[in-house]
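Asks: Below is the structure I would like to discuss, written out as structure tokens.
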Amino acid sequence: MTIQNLSELQAPISSGFGPRTTAKEILVGQDLTGQIAIVTGGYSGLGLEAVRALAAAGATVIVPARTPEKAQAALDGIPGVELERLDLMDPGSINEFANRFLESGRPLHILINAAGIMAAPLARDARGIESHLAVNHLGHFQLVAKLWPALKKAGGARIVSVSSRALQLSAFNFEDPNFNVREYDKWLAYAQSKTANALFAVAMDKRGEAHRVRAFSVHPGTISTDLARHLTDDELRAMGALNELGQRGFTEYNDEIKTIEEGAATLIWCAVHPQLDGKGGVYCENGDIAVVTDKPYTPGVFEWAVNTADAERLWKLSEQLTGTEFII
């Protein structure tokens, strides 16, 4: 696909929303009663805010967690929430979770892949896969593959993958995705996984459109959450996310730096809003479809993250690395 064609696809629609819009504002006037949603990472940060918003609009929300007992405290008091067990680093755990959901016979209308890690020290899963790639992309790829029958059953479903502007730092490295040869760099590992999230949305939407299953990727903005748990105080200070008292969190906000409520807005917009009916495979930010850019650290998506050829190449590699045949 040419840059021109990508620019036509990645074209803002003047949604009326923006960087200060909150998740709850996206849902004004919408009734999600009867809708079933799964939100990975739904017990902290952006995921938790997405759960609150969906539940408040009437959806039943399943929140999978490695330790549901710990997640319970964060979710107490939110109606319509079900806790489940899932470890995205463990392929067996993914299959078990998906099988339990499929056995319930319920359709799946909304799947928000919000769980993730950022700038973590080098670690690998039991298959030798680097942890950012394993958790942020491959775990979710396998999860979607296993939940596919429930997504089709919904008669209209959306899959939202939380990406990041960090994708501007790195294309997907097909020659050495697991840092077996090149020196490990925690930011390149994170960036590559976020590019993978956007490429997945492109390939997934191509396959899902005929079944009314649409896929999107989202840059939520720069937000102070537990995602930054691996960063040092010096790193946070350089980002403006550590105040003079040594407390973590931003004190000034702009179009990029947002509150958690604002950060979750584009996730919810992609998950439910009728403005996106008939659309998919696009990267979104600030409550709208993003433009294609080649300027680092500016709004927009790089071509390498929405390139259809790389999306197909990554799809095949993901099937190989997970040992999962995605049967549409």
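A note on labels: chains of the structure tokens are A, B, ... as shown, every chain counts residues from 1, and ligands are counted from 1 in their shown order.
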Give me the residues near segment 46-60 of chain A as JSON, numbers by chain, where near means some atom within 9 Å (using only C-alpha atoms) and where sequence neighbours in that chain fewer than 6 positions away do not count.
Replies: {"A": [23, 24, 27, 28, 29, 30, 31, 32, 33, 34, 35, 36, 37, 38, 39, 40, 74, 75, 78, 79, 80, 81, 82, 112, 113, 114, 115, 220, 223, 225, 260, 261, 263, 264, 265, 267, 268]}
Asks: Skipping near chain neighbours, those fewer than 6 positions away, what residues fall within 10 Å of Asp310 of chain A using only C-alpha atoms, listed as a VMD selection string?
Replies: chain A and resid 171 to 172 174 196 199 to 200 202 to 203 304 316
Asks: Taking the chain letters and numbering used in this document, name the residues of segment 121-307 of chain A that DSSP puts in strand (DSSP E), as an MDAnalysis selection string.
Replies: chainID A and resid 157:162 213:219 282:285 288:289
Asks: Between atom CA of Arg66 of chain A and atom CA of Leu102 of chain A, what is the spacing in Å?
Replies: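 We find that atom CA of Leu102 of chain A and atom CA of Arg66 of chain A lie 19.3 Å from each other.
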Asks: Atom CA of Trp315 of chain A and atom CA of Trp148 of chain A, how far apart in Å?
Replies: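 Those two atoms sit 15.0 Å apart.
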Asks: Could you give me, as JSON, numbers by chain, the residues within 12 Å of Glu130 of chain A, counting only C-alpha atoms and dropping anything in the same chain fewer than 2 positions from it?
Replies: {"A": [89, 117, 119, 120, 121, 122, 123, 124, 125, 126, 127, 128, 132, 133, 134, 135, 136, 137, 138, 139, 176, 177, 178, 179, 180, 184, 185, 186, 188, 189, 190, 192, 193, 321]}
Asks: If you run DSSP on the backbone, which residues of segment 63-255 of chain A are helix (DSSP H, G or I), as a CSV table (one decimal) with C-alpha atoms, in the first residue's frame?
Replies:
chain,number,residue,atom,x,y,z
A,68,PRO,CA,-7.4,-12.2,40.6
A,69,GLU,CA,-7.3,-11.9,44.4
A,70,LYS,CA,-5.1,-8.8,44.1
A,71,ALA,CA,-7.2,-7.3,41.3
A,72,GLN,CA,-10.3,-7.7,43.4
A,73,ALA,CA,-9.5,-4.7,45.6
A,74,ALA,CA,-9.3,-2.4,42.6
A,75,LEU,CA,-12.6,-3.6,41.1
A,91,PRO,CA,0.4,-19.9,26.6
A,92,GLY,CA,-1.4,-22.6,28.6
A,93,SER,CA,-3.1,-20.0,30.8
A,94,ILE,CA,-4.3,-18.1,27.7
A,95,ASN,CA,-5.9,-21.3,26.3
A,96,GLU,CA,-7.5,-22.1,29.6
A,97,PHE,CA,-9.0,-18.7,30.0
A,98,ALA,CA,-10.3,-18.6,26.4
A,99,ASN,CA,-11.8,-22.1,26.7
A,100,ARG,CA,-13.6,-21.1,29.9
A,101,PHE,CA,-15.2,-18.2,28.1
A,102,LEU,CA,-16.1,-20.2,25.1
A,103,GLU,CA,-17.7,-22.8,27.2
A,131,SER,CA,8.9,-10.3,27.4
A,132,HIS,CA,7.6,-7.2,25.7
A,133,LEU,CA,6.9,-9.1,22.5
A,134,ALA,CA,5.4,-12.0,24.5
A,135,VAL,CA,3.1,-9.9,26.7
A,136,ASN,CA,2.2,-6.9,24.6
A,137,HIS,CA,1.7,-8.7,21.3
A,138,LEU,CA,2.0,-12.4,21.1
A,139,GLY,CA,-0.1,-13.1,24.2
A,140,HIS,CA,-2.9,-11.0,22.8
A,141,PHE,CA,-2.5,-12.5,19.4
A,142,GLN,CA,-3.1,-16.0,20.8
A,143,LEU,CA,-5.9,-14.7,23.0
A,144,VAL,CA,-7.8,-13.2,20.0
A,145,ALA,CA,-7.2,-16.4,18.0
A,146,LYS,CA,-8.7,-18.5,20.7
A,147,LEU,CA,-11.6,-16.1,21.3
A,148,TRP,CA,-12.4,-15.8,17.6
A,149,PRO,CA,-15.6,-17.9,17.7
A,150,ALA,CA,-17.1,-15.7,20.4
A,151,LEU,CA,-16.2,-12.5,18.5
A,152,LYS,CA,-17.9,-13.8,15.4
A,153,LYS,CA,-20.9,-14.9,17.4
A,165,ARG,CA,3.6,6.8,20.1
A,166,ALA,CA,6.7,4.9,21.0
A,167,LEU,CA,6.1,2.9,17.8
A,168,GLN,CA,7.9,5.9,16.1
A,169,LEU,CA,11.1,4.7,17.6
A,186,LYS,CA,14.4,-1.8,26.7
A,187,TRP,CA,13.0,1.1,24.8
A,188,LEU,CA,13.4,-0.6,21.4
A,189,ALA,CA,11.9,-3.7,22.8
A,190,TYR,CA,8.9,-1.7,23.9
A,191,ALA,CA,8.7,0.3,20.7
A,192,GLN,CA,8.8,-2.8,18.5
A,193,SER,CA,5.9,-4.4,20.5
A,194,LYS,CA,3.8,-1.2,20.1
A,195,THR,CA,4.5,-1.3,16.3
A,196,ALA,CA,3.3,-4.9,16.5
A,197,ASN,CA,0.1,-3.8,18.1
A,198,ALA,CA,-0.7,-1.5,15.3
A,199,LEU,CA,0.3,-4.0,12.6
A,200,PHE,CA,-1.9,-6.6,14.3
A,201,ALA,CA,-4.9,-4.2,14.0
A,202,VAL,CA,-4.3,-3.9,10.2
A,203,ALA,CA,-4.1,-7.6,9.6
A,204,MET,CA,-6.9,-8.5,12.0
A,205,ASP,CA,-9.3,-6.0,10.5
A,206,LYS,CA,-8.6,-7.4,7.0
A,207,ARG,CA,-9.7,-10.8,8.2
A,208,GLY,CA,-12.5,-9.7,10.5
A,209,GLU,CA,-14.4,-7.3,8.3
A,210,ALA,CA,-16.4,-9.9,6.5
A,211,HIS,CA,-17.6,-11.2,9.9
A,226,ASP,CA,1.8,1.6,36.9
A,227,LEU,CA,3.1,0.9,33.4
A,228,ALA,CA,6.1,3.1,34.4
A,229,ARG,CA,7.0,0.8,37.4
A,230,HIS,CA,10.3,-0.2,35.8
A,233,ASP,CA,13.2,8.4,39.4
A,234,ASP,CA,15.9,10.0,37.2
A,235,GLU,CA,14.1,8.7,34.0
A,236,LEU,CA,10.7,10.0,35.3
A,237,ARG,CA,12.2,13.3,36.3
A,238,ALA,CA,13.5,13.7,32.7
Asks: I'd like the neighbourhood of segment 288-298 of chain A as an MDAnalysis selection string, where a residue qualifies if any of its atoms comes within 8 Å (using only C-alpha atoms), though same-chain residues fewer than 3 positions away should be ignored.
Replies: chainID A and resid 6:7 10:15 17:18 165 168:169 266 282:285 301:303
Asks: For the selection just defined, write its residues with C-alpha atoms to a file, as a PDB file, in the first residue's frame.
Replies:
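The resulting file, again18.pdb, is reproduced below:
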ATOM      1  CA  LEU A   6      -2.380   4.999   3.788  1.00  0.00           C
ATOM      2  CA  SER A   7      -3.042   8.711   4.147  1.00  0.00           C
ATOM      3  CA  GLN A  10      -5.538   7.244   8.152  1.00  0.00           C
ATOM      4  CA  ALA A  11      -7.679  10.349   7.750  1.00  0.00           C
ATOM      5  CA  PRO A  12      -9.250  12.125  10.747  1.00  0.00           C
ATOM      6  CA  ILE A  13     -13.046  12.282  10.639  1.00  0.00           C
ATOM      7  CA  SER A  14     -13.523  15.434  12.756  1.00  0.00           C
ATOM      8  CA  SER A  15     -15.137  13.416  15.523  1.00  0.00           C
ATOM      9  CA  PHE A  17     -13.597  14.697  20.512  1.00  0.00           C
ATOM     10  CA  GLY A  18     -10.072  15.647  21.522  1.00  0.00           C
ATOM     11  CA  ARG A 165       3.576   6.843  20.084  1.00  0.00           C
ATOM     12  CA  GLN A 168       7.854   5.880  16.091  1.00  0.00           C
ATOM     13  CA  LEU A 169      11.115   4.662  17.650  1.00  0.00           C
ATOM     14  CA  THR A 266      -9.763   6.855  22.666  1.00  0.00           C
ATOM     15  CA  VAL A 282      -6.659   2.246  11.709  1.00  0.00           C
ATOM     16  CA  TYR A 283      -4.469   3.800  14.385  1.00  0.00           C
ATOM     17  CA  CYS A 284      -6.245   6.391  16.532  1.00  0.00           C
ATOM     18  CA  GLU A 285      -5.339   9.091  19.039  1.00  0.00           C
ATOM     19  CA  VAL A 301       1.511   7.110  12.978  1.00  0.00           C
ATOM     20  CA  PHE A 302       4.600   6.045  11.032  1.00  0.00           C
ATOM     21  CA  GLU A 303       4.089   4.149   7.794  1.00  0.00           C
TER      22      GLU A 303
END
Asks: Would you work out the distance separating atom CA of Gly77 of chain A from atom CA of Val61 of chain A, expressed in Å to one decimal?
Replies: 13.2 Å
Asks: Which residue gives the smallest distance to Leu108 of chain A among A:Leu88, A:Leu83, A:Val181, A:Ala271, with only C-alpha atoms counted?
Replies: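 Of A:Leu88, A:Leu83, A:Val181, A:Ala271, the one nearest Leu108 of chain A is A:Ala271, counting only C-alpha atoms.
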Asks: Taking only C-alpha atoms into account, name the residue in A:Gly42, A:Gly116, A:Pro107, A:Gly16 that is nearest to Ser163 of chain A.
Replies: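 Ranking A:Gly42, A:Gly116, A:Pro107, A:Gly16 by distance to Ser163 of chain A, first place goes to A:Gly116.
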Asks: Could you name the residues that touch Asp255 of chain A at 8 Å or less, counting only C-alpha atoms, but leaving out those on the same chain fewer than 4 positions away, as a list in words?
Replies: Pro19, Arg20, Gly221 and Asn286 of chain A
